[in-house]
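Notes follow once the structure below has been shown.
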Amino acid sequence: MSDQLSNAAKPRFRDTPFGVFLSRYLDSKVATLAFVVLVVIIVLAIIAPWITPQNPYDLAQVDVLDARMAPGEEAFAGYTFWLGSDGAGRDLYSAMLYGLRISLMVGVLSGLIAMVIGTAVGLTAAYAGGRVETLIMRLVDLQLSFPAILIALMLVAALGKGVDKIIVALVAVQWAYYARTVRGTALSERSKEYVEAARNLGLSPRRILFGQIMPNCLSPLIVVATIQTAHAIALEATLSFLGIGLPQTEPSLGILISNGFEYMLSGKYWISIFPGVALLLTVFCINLVGDQLRDVLNPRLAK
Amino acid sequence: MLAFLIRRIGQSAVVVLLMATIVFFGVNLVGDPVHMLVSPEADQAEIARVIQQFGLDRPIVEQYWLFLKGAVQGNLGTSFIFGQPAVGLILERLPATMELAVCALVLAVFFGIPLGVYSGIKPKSRVSQVIMAASIFGFSLPTFWVGIMLIMFFSVQLQLLPSTGRGEVGSFLGIDSSLFTLDGLKHIILPATNLALLKMSMVIRLSRAGTREVMQQDYIKFARAKGLSFGRIVWAHLLKNIMIPVITVLGLEFGSLIAFSVVTESIFAWPGMGKLLIDSVLQLDRPVIVAYLMIVVFLFVAINLVVDVIYSLLDPRVSLTGAKS
Amino acid sequence: MTNPVLSIDNLQTHFFTRAGVVKAVDNISLSVNAGEILGLVGESGSGKSITGFSILGLVDEPGRIVGGSIKLSGEELIGKPEAALRRIRGGRASMIFQDPMMTLNPVLRIETQMIEAIRAHEKVPRREAWQRARDGLAQVGIPSPEERLKCYPHELSGGMRQRVAIAIAFLNRPEFIVADEPTTALDVTIQSQILAEAQKLCRENRTAMIWITHDLSVVAGLADTIAVMYAGRIVENGPAEAVLRSPRHPYTSGLIKSVPGEHLVGQRLFQIPGMTPSLLKLGEACAFKERCAYQDDACSAAPPISMEGGRACRCFHPLRADTAAQSGGAAKESAP
């Protein structure tokens with residue numbers, strides 16, 4: 001009897017909302033594996049400076065004589081190029097982890113900024129209604145009718161190279177997705193009973209919007225954010241591959257792949273392959289996690 | 001029908017005008033338009049000449065008007081790399097890009113719809129699950145990476161197919177295309193496949209979802225009760241229904257194929273307008289970039305219009321004469 | 001004695017779901033003669049539609065016919081290969097569906113959908129098939145059939161679409177037709193027109209028909225014989241008039257009493273208490289036991305079938321004509 005009482009007072013972890021969420025997420029073995037791999041990738045990227053033999057940005061540590069070494073060969077400085085070296089003599093293993101850092105940083109940062117801007121715009125549209133809403137949503141639709149890559153390309157062409165500029169371009173590409181999602185959710189939430197109840201309590205529209213409705217937009221937002229981050233990473237890699245993204249001095253995965261591309265025809269496959277696999281794994285894992293999150297968090301969104 | 005067309009063309013014109021405005025003021029906002037229109041190596045006299053020609057010394061509203069006037073006449077400046085009118089430069093390369101995009105679209109439809117329909121009819125079979133897993137994977141692959149892999153496998157390892165250029169261009173009925181020579185065909189296979197894979201995952205998912213929905217409908221069961229053969233049911237009853245959304249979405253996605261041809265053309269050195277754009281961006285040949293943007297906007301709007309018309313022709317429930325937003 | 005066009009013997013159609021085996025159709029026997037209409041009556045979920053689909057071999061996964069026999073003019077249908085069944089469907093045996101809004105393909109013209117039904121069975125020229133389609137539409141009372149043939153389904157009203165579906169069912173002069181609640185989705189006035197139309201066609205063409213419905217008032221004027229289905233089994237059958245006038249099974253009696261009629265004006269409508277049982281948990285016992293006023297310990301065993309004057313009833317306590325007339329089995333009074 002007392003057992004039951006204490007149980008009632010302290011709900012078991014698996015009965016809490018987070019516990020339910022977790023157990024449903026872990027239902028899929030593939031998604032669980034993807035999440036673990038993703039965590040490993042992120043950790044590796046963060047601790048890169050401590051686990052790599054070389055800082056690829058530090059020209060003093062890079063020896064051109066070491067260029068295009070095959071995997072397993074030994075560097076002039078004594079360590080082994082486990083994954084080979086690139087055309088400039090950078091250790092690919094080091095360059096890859098540093099590249100991962102930049103790629104992830106650019107993707108996540110642009111995603112976060114776009115999320116803040118998009119959420120604000122979407123909520124404003126839902127809150128204001130009328131002409132303002134129509135105008136905002138027309139703009140969103142207009143932008144979404146053009147492929148992201150084209151918009152990003154144009155912006156980068158106008159702004160020039162650099163980490164800050166590419167983030168600006170990626171934010172400009174992504175904000176509309178967030179705005180559309182938030183506005184859509186806010187509109188559907190607005191017609192629900194709890195909002196009606198809040199209105200009857202005399203809460204101001206602004207408090208209802210930010211206090212009641214916004215928290216309910218969180219789950220679709222998380223889903224969109226995951227998928228958009230994967231997109232942003234792939235897009236940045238594409239732009240960098242085309243030579244109009246990040247500068248050579250801060251090589252992201254896209255630049256490493258691009259650098260290796262010219263050696264590919266002569267059979268030096270590793271320069272492109274290893275960064276490519278890292279990029280692929282990252283994007284694929286994020287997408288898998290996002291897919292599962294969509295199923296778990298919001299069955300309505302599942303396609 | 002006529003009223004619908006006139007209204008839609010009007011709307012399209014508004015969108016083009018809007019984009020032109022955004023481009024014009026965007027260019028003015030981002031930097032000095034003189035630098036946009038003049039080669040970095042130009043001397044003082046050249047700069048003065050361009051300022052004179054484009055009226056850059058006049059008030060901005062007047063410049064805007066001149067820009068629009070030029071745009072209507074197809075004059076969006078002169079490339080300083082090639083020394084030719086930018087619009088002409090792009091239009092020269094348009095056929096190569098169109099050829100690539102159309103081939104990619106055909107490939108995506110040709111393989112995507114049967115695969116999607118199959119996995120929709122038999123969602124639980126092993127083959128369907130492989131198809132779906134592959135399509136999720138395909139969705140995650142960046143286009144440029146697939147291009148590299150295609151080159152490495154088919155050109156470098158197997159030495160089967162060429163990896164650069166358009167090959168020999170043949171002429172048939174006054175149209176020049178790589179499709180008319182064997183060499184040209186060999187050259188287009190890899191880039192077209194590369195571009196097609198991007199959309200194939202989407203076609204598979206779309207036609208699979210459509211198939212699953214349609215196959216549960218009463219009219220399919222009624223068609224079976226009429227004693228129709230399975231082939232007839234799939235061909236007449238299923239395909240016609242799922243083609244409506246597939247064609248609509250694909251029509252709209254044709255624009256993104258043109259946009260993504262930027263990537264594919266760069267990898268396979270395909271001499272289309274996408275490659276020209278990247279070269280221009282790298283060499284800061286800004287008149288070409290502006291012209292490309294305007295032409296692409298125009299193309300997109302035109303494609304949207306065509307898709308709307310096709311959609312109404314396909315779906316008997318939609319009538320163009322009726323009021324429809 | 002004439003040979004029935006359709007005779008079903010001990011048909012069993014089961015659904016193999018995750019939760020267990022659902023015996024949707026459990027040992028059903030029926031027969032219909034040429035030119036006659038059998039009303040198959042039951043609540044939703046009683047298995048009547050599945051019976052219809054079973055006859056045409058249209059039961060989808062996870063359902064399967066697991067036993068019994070279905071004979072069309074003496075020819076066994078169960079176990080026939082799909083290709084042979086396909087030739088029978090729409091040819092010798094056809095079907096009319098419940099919702100006319102859903103049974104016609106929205107993107108194909110009426111003529112396409114009619115001509116393909118003819119040409120799936122006979123290699124006739126398009127022109128001839130078109131003429132037959134036109135005549136078929138005229139037969140079900142559709143004005144200016146030539147114009148209607150050019151229409152898409154959404155251009156026709158619900159009643160008109162159901163007429164088209166009926167015309168399609170009769171196109172190849174079938175020996176047998178299943179009509180699965182074809183008037184449920186229609187207005188009452190249209191409903192009676194369609195009932196009359198279908199009855200006329202049946203008599204004229206000597207077609208045997210099973211008319212599935214949950215509405216006793218529909219079959220009252222239409223059917224020659226009635227079979228009442230409950231939880232996958234037939235609980236009572238016999239000549240329509242006799243069954244309606246003096247039901248034997250308490251369930252039939254309850255159904256009859258729950259039809260709103262003139263004599264009930266101002267009174268509470270009768271309702272059968274409780275709900276249909278889950279088909280997953282049915283045992284040998286009478287499935288109606290829990291809802292029946294006459295139930296006793298005996299009802300836990302498989303109810304016997306009593307035959308009398310061309311009628312059959314599956315019950316331990318069949319009602320006699322006199323009690324049925326007054327109290328109709330006095331199934332438990334519904335809770336106030």
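Identifiers for the structure tokens are assigned positionally: chains receive A, B, ... in sequence, residues are indexed from 1 per chain, and ligands are indexed from 1 in the order shown.
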
Find the residues around Thr181 (chain A) up to 8 Å (only C-alpha atoms counted), leave out those fewer than 5 positions away in its own chain, and share them as number ranges by chain. A: 122, 220-221, 224

Would you mind exporting the chosen residues as a PDB file, in the first residue's frame, restricted to N, CA, C and O atoms?
```pdb
ATOM      1  N   GLY A 122       6.781  34.551 -38.262  1.00  0.00           N
ATOM      2  CA  GLY A 122       5.591  33.701 -38.342  1.00  0.00           C
ATOM      3  C   GLY A 122       4.570  34.073 -37.278  1.00  0.00           C
ATOM      4  O   GLY A 122       3.375  34.189 -37.559  1.00  0.00           O
ATOM      5  N   PRO A 220       6.834  21.061 -33.813  1.00  0.00           N
ATOM      6  CA  PRO A 220       7.096  21.185 -35.250  1.00  0.00           C
ATOM      7  C   PRO A 220       8.370  21.977 -35.532  1.00  0.00           C
ATOM      8  O   PRO A 220       9.089  21.663 -36.476  1.00  0.00           O
ATOM      9  N   LEU A 221       8.663  22.954 -34.681  1.00  0.00           N
ATOM     10  CA  LEU A 221       9.882  23.744 -34.891  1.00  0.00           C
ATOM     11  C   LEU A 221      11.132  22.876 -34.781  1.00  0.00           C
ATOM     12  O   LEU A 221      12.054  23.007 -35.576  1.00  0.00           O
ATOM     13  N   VAL A 224      11.461  20.838 -37.960  1.00  0.00           N
ATOM     14  CA  VAL A 224      11.923  21.643 -39.093  1.00  0.00           C
ATOM     15  C   VAL A 224      13.386  22.023 -38.897  1.00  0.00           C
ATOM     16  O   VAL A 224      14.177  21.998 -39.841  1.00  0.00           O
TER      17      VAL A 224
END
```

Hey, list the chain C side of the contact with chain B: 6 Å cut-off, only C-alpha atoms, answer as an MDAnalysis selection string. chainID C and resid 86:87 89:90 102:105 117 120

Residues of chain B within 9 Å of chain A, counting only C-alpha atoms, as an MDAnalysis selection string: chainID B and resid 15 26:27 30:31 136:137 139:145 148:149 151:152 155:157 209 252:253 255:257 259:260 262:263 266:267 278 281:282 284 286 289:290 293 297 300

Among region 100-183 of chain B, which ones does DSSP assign to strand (DSSP E or B) (computed from the backbone)? Answer as a list in words.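 These are the residues in question: Gly170, Ser171, Phe172, Ile175, Asp176 and Ser177 of chain B.
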
Save the residues we just selected, all heavy atoms, as a PDB file, in the first residue's frame?
```pdb
ATOM      1  N   GLY B 170      24.734  17.232 -82.600  1.00  0.00           N
ATOM      2  CA  GLY B 170      24.118  17.013 -83.902  1.00  0.00           C
ATOM      3  C   GLY B 170      22.979  17.985 -84.121  1.00  0.00           C
ATOM      4  O   GLY B 170      22.519  18.649 -83.202  1.00  0.00           O
ATOM      5  N   SER B 171      22.536  18.044 -85.371  1.00  0.00           N
ATOM      6  CA  SER B 171      21.448  18.963 -85.683  1.00  0.00           C
ATOM      7  C   SER B 171      20.323  18.194 -86.359  1.00  0.00           C
ATOM      8  O   SER B 171      20.550  17.368 -87.229  1.00  0.00           O
ATOM      9  CB  SER B 171      21.965  20.070 -86.603  1.00  0.00           C
ATOM     10  OG  SER B 171      20.925  20.999 -86.810  1.00  0.00           O
ATOM     11  N   PHE B 172      19.119  18.437 -85.899  1.00  0.00           N
ATOM     12  CA  PHE B 172      17.967  17.738 -86.459  1.00  0.00           C
ATOM     13  C   PHE B 172      16.778  18.691 -86.449  1.00  0.00           C
ATOM     14  O   PHE B 172      16.480  19.295 -85.419  1.00  0.00           O
ATOM     15  CB  PHE B 172      17.676  16.490 -85.620  1.00  0.00           C
ATOM     16  CG  PHE B 172      16.546  15.658 -86.140  1.00  0.00           C
ATOM     17  CD1 PHE B 172      16.676  14.936 -87.328  1.00  0.00           C
ATOM     18  CD2 PHE B 172      15.343  15.599 -85.450  1.00  0.00           C
ATOM     19  CE1 PHE B 172      15.624  14.169 -87.797  1.00  0.00           C
ATOM     20  CE2 PHE B 172      14.299  14.828 -85.925  1.00  0.00           C
ATOM     21  CZ  PHE B 172      14.436  14.109 -87.095  1.00  0.00           C
ATOM     22  N   ILE B 175      17.271  21.911 -84.775  1.00  0.00           N
ATOM     23  CA  ILE B 175      17.611  21.982 -83.346  1.00  0.00           C
ATOM     24  C   ILE B 175      18.965  21.317 -83.133  1.00  0.00           C
ATOM     25  O   ILE B 175      19.185  20.198 -83.598  1.00  0.00           O
ATOM     26  CB  ILE B 175      16.545  21.255 -82.492  1.00  0.00           C
ATOM     27  CG1 ILE B 175      15.167  21.840 -82.793  1.00  0.00           C
ATOM     28  CG2 ILE B 175      16.878  21.357 -81.019  1.00  0.00           C
ATOM     29  CD1 ILE B 175      14.032  21.034 -82.234  1.00  0.00           C
ATOM     30  N   ASP B 176      19.838  22.018 -82.451  1.00  0.00           N
ATOM     31  CA  ASP B 176      21.134  21.427 -82.132  1.00  0.00           C
ATOM     32  C   ASP B 176      21.032  20.740 -80.779  1.00  0.00           C
ATOM     33  O   ASP B 176      20.569  21.332 -79.815  1.00  0.00           O
ATOM     34  CB  ASP B 176      22.213  22.514 -82.051  1.00  0.00           C
ATOM     35  CG  ASP B 176      22.478  23.103 -83.425  1.00  0.00           C
ATOM     36  OD1 ASP B 176      22.297  22.372 -84.406  1.00  0.00           O
ATOM     37  OD2 ASP B 176      22.851  24.288 -83.498  1.00  0.00           O
ATOM     38  N   SER B 177      21.456  19.499 -80.709  1.00  0.00           N
ATOM     39  CA  SER B 177      21.404  18.814 -79.423  1.00  0.00           C
ATOM     40  C   SER B 177      22.384  17.658 -79.395  1.00  0.00           C
ATOM     41  O   SER B 177      22.682  17.041 -80.422  1.00  0.00           O
ATOM     42  CB  SER B 177      19.992  18.292 -79.171  1.00  0.00           C
ATOM     43  OG  SER B 177      20.014  17.417 -78.070  1.00  0.00           O
TER      44      SER B 177
END
```

Just list as a PyMOL selection string whatever in region 44-287 of chain B DSSP marks as helix (DSSP H, G or I). chain B and resi 44-54+60-72+86-121+126-140+143-157+178-180+182-215+218-225+230-267+273-282+286-287

Using only C-alpha atoms, which protein or nucleic acid residues come within 9 Å of Arg93 (chain B)? Drop anything in the same chain fewer than 6 positions from it, and give the result as a PyMOL selection string. chain B and resi 271-274+276

So that I can check the surroundings of Ser192 (chain C), please list as a PyMOL selection string every protein, DNA and RNA residue that reaches within 12 Å of it, counting only C-alpha atoms and ignoring chain neighbours fewer than 2 positions away. chain C and resi 159+182-184+186-190+194-199+217-222

Write to file, as a compact mmCIF listing (two decimals), in the first residue's frame, the residues of the selection just made, with all heavy atoms.
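After the write, part-v2.txt holds the following:
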```
# COMPACT_ATOMS: atom_id res chain seq x y z
N GLY C 159 -27.67 10.50 -56.98
CA GLY C 159 -28.64 9.52 -57.46
C GLY C 159 -28.31 9.10 -58.88
O GLY C 159 -28.40 7.92 -59.24
N PRO C 182 -26.85 0.07 -51.70
CA PRO C 182 -26.68 1.09 -52.73
C PRO C 182 -27.51 2.34 -52.50
O PRO C 182 -27.26 3.35 -53.15
CB PRO C 182 -27.09 0.40 -54.02
CG PRO C 182 -27.81 -0.81 -53.62
CD PRO C 182 -27.52 -1.12 -52.21
N THR C 183 -28.48 2.30 -51.61
CA THR C 183 -29.32 3.49 -51.46
C THR C 183 -29.08 4.22 -50.15
O THR C 183 -29.68 5.25 -49.90
CB THR C 183 -30.81 3.10 -51.53
OG1 THR C 183 -31.07 2.13 -50.53
CG2 THR C 183 -31.17 2.54 -52.88
N THR C 184 -28.17 3.69 -49.33
CA THR C 184 -27.96 4.27 -48.01
C THR C 184 -27.54 5.74 -48.07
O THR C 184 -27.94 6.55 -47.25
CB THR C 184 -26.88 3.47 -47.25
OG1 THR C 184 -27.28 2.12 -47.27
CG2 THR C 184 -26.75 3.94 -45.83
N LEU C 186 -28.26 7.94 -50.24
CA LEU C 186 -29.12 8.79 -51.09
C LEU C 186 -30.33 9.34 -50.34
O LEU C 186 -30.73 8.82 -49.30
CB LEU C 186 -29.62 7.98 -52.28
CG LEU C 186 -28.52 7.36 -53.16
CD1 LEU C 186 -29.14 6.51 -54.24
CD2 LEU C 186 -27.65 8.45 -53.76
N ASP C 187 -30.93 10.37 -50.91
CA ASP C 187 -32.18 10.91 -50.38
C ASP C 187 -33.28 9.86 -50.44
O ASP C 187 -33.26 8.98 -51.30
CB ASP C 187 -32.65 12.10 -51.23
CG ASP C 187 -31.81 13.32 -50.97
OD1 ASP C 187 -31.01 13.27 -50.03
OD2 ASP C 187 -31.94 14.27 -51.74
N VAL C 188 -34.27 10.00 -49.55
CA VAL C 188 -35.31 8.97 -49.48
C VAL C 188 -36.10 8.88 -50.79
O VAL C 188 -36.41 7.79 -51.27
CB VAL C 188 -36.27 9.27 -48.31
CG1 VAL C 188 -37.30 8.17 -48.20
CG2 VAL C 188 -35.47 9.38 -47.03
N THR C 189 -36.39 10.02 -51.41
CA THR C 189 -37.18 9.98 -52.64
C THR C 189 -36.41 9.28 -53.75
O THR C 189 -36.94 8.44 -54.46
CB THR C 189 -37.52 11.41 -53.10
OG1 THR C 189 -36.35 12.20 -53.02
CG2 THR C 189 -38.61 12.00 -52.25
N ILE C 190 -35.11 9.62 -53.86
CA ILE C 190 -34.27 8.98 -54.87
C ILE C 190 -34.17 7.50 -54.56
O ILE C 190 -34.22 6.64 -55.44
CB ILE C 190 -32.85 9.58 -54.84
CG1 ILE C 190 -32.92 11.09 -54.85
CG2 ILE C 190 -32.02 9.02 -55.96
CD1 ILE C 190 -33.06 11.70 -56.19
N ILE C 194 -34.82 4.32 -57.05
CA ILE C 194 -33.77 3.38 -57.41
C ILE C 194 -34.15 1.96 -57.05
O ILE C 194 -33.90 1.01 -57.80
CB ILE C 194 -32.44 3.81 -56.76
CG1 ILE C 194 -32.00 5.09 -57.47
CG2 ILE C 194 -31.40 2.72 -56.83
CD1 ILE C 194 -30.56 5.41 -57.44
N LEU C 195 -34.83 1.82 -55.89
CA LEU C 195 -35.28 0.48 -55.50
C LEU C 195 -36.21 -0.09 -56.58
O LEU C 195 -36.05 -1.24 -57.00
CB LEU C 195 -36.04 0.55 -54.17
CG LEU C 195 -35.18 0.77 -52.93
CD1 LEU C 195 -36.06 0.92 -51.70
CD2 LEU C 195 -34.23 -0.39 -52.76
N ALA C 196 -37.15 0.74 -57.03
CA ALA C 196 -38.11 0.27 -58.04
C ALA C 196 -37.39 -0.09 -59.33
O ALA C 196 -37.66 -1.13 -59.95
CB ALA C 196 -39.14 1.36 -58.29
N GLU C 197 -36.44 0.77 -59.70
CA GLU C 197 -35.66 0.55 -60.92
C GLU C 197 -34.92 -0.79 -60.87
O GLU C 197 -34.97 -1.58 -61.80
CB GLU C 197 -34.64 1.69 -61.01
CG GLU C 197 -34.31 2.16 -62.39
CD GLU C 197 -35.44 2.99 -62.96
OE1 GLU C 197 -35.65 4.15 -62.53
OE2 GLU C 197 -36.10 2.46 -63.86
N ALA C 198 -34.24 -1.01 -59.73
CA ALA C 198 -33.45 -2.22 -59.59
C ALA C 198 -34.34 -3.46 -59.59
O ALA C 198 -34.02 -4.48 -60.22
CB ALA C 198 -32.63 -2.16 -58.29
N GLN C 199 -35.47 -3.35 -58.91
CA GLN C 199 -36.37 -4.49 -58.84
C GLN C 199 -36.89 -4.87 -60.24
O GLN C 199 -36.91 -6.03 -60.62
CB GLN C 199 -37.55 -4.15 -57.93
CG GLN C 199 -38.38 -5.35 -57.53
CD GLN C 199 -39.44 -4.96 -56.51
OE1 GLN C 199 -39.91 -3.82 -56.49
NE2 GLN C 199 -39.81 -5.90 -55.67
N SER C 217 -36.83 -1.53 -43.62
CA SER C 217 -37.89 -0.93 -44.42
C SER C 217 -37.52 -0.95 -45.90
O SER C 217 -38.39 -0.93 -46.76
CB SER C 217 -38.16 0.49 -43.95
OG SER C 217 -37.01 1.28 -44.11
N VAL C 218 -36.23 -0.98 -46.20
CA VAL C 218 -35.81 -1.05 -47.60
C VAL C 218 -36.17 -2.39 -48.21
O VAL C 218 -36.73 -2.47 -49.30
CB VAL C 218 -34.28 -0.80 -47.73
CG1 VAL C 218 -33.78 -1.24 -49.08
CG2 VAL C 218 -33.98 0.67 -47.53
N VAL C 219 -35.87 -3.47 -47.48
CA VAL C 219 -36.11 -4.79 -48.06
C VAL C 219 -37.58 -5.18 -48.01
O VAL C 219 -38.01 -6.08 -48.72
CB VAL C 219 -35.28 -5.91 -47.39
CG1 VAL C 219 -33.84 -5.77 -47.78
CG2 VAL C 219 -35.48 -5.91 -45.90
N ALA C 220 -38.35 -4.49 -47.16
CA ALA C 220 -39.74 -4.90 -46.97
C ALA C 220 -40.49 -5.03 -48.29
O ALA C 220 -41.16 -6.02 -48.54
CB ALA C 220 -40.44 -3.90 -46.05
N GLY C 221 -40.38 -4.02 -49.17
CA GLY C 221 -41.11 -4.10 -50.42
C GLY C 221 -40.32 -4.70 -51.55
O GLY C 221 -40.84 -4.92 -52.63
N LEU C 222 -39.05 -4.95 -51.29
CA LEU C 222 -38.14 -5.29 -52.39
C LEU C 222 -37.84 -6.78 -52.46
O LEU C 222 -37.89 -7.39 -53.53
CB LEU C 222 -36.83 -4.52 -52.18
CG LEU C 222 -35.70 -4.75 -53.17
CD1 LEU C 222 -35.99 -3.99 -54.45
CD2 LEU C 222 -34.37 -4.28 -52.58
```

Distance CA of Gln139 (chain C)-CA of Met160 (chain C), one decimal place?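 So the two atoms, CA of Gln139 (chain C) and CA of Met160 (chain C), lie 12.6 Å apart.
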
For Arg314 (chain C): contacts at 12 Å, only C-alpha atoms, fewer than 4 positions along chain excluded, given as an MDAnalysis selection string: chainID C and resid 28 227:230 233:237 247:252 285:289 299 301:308 318:319
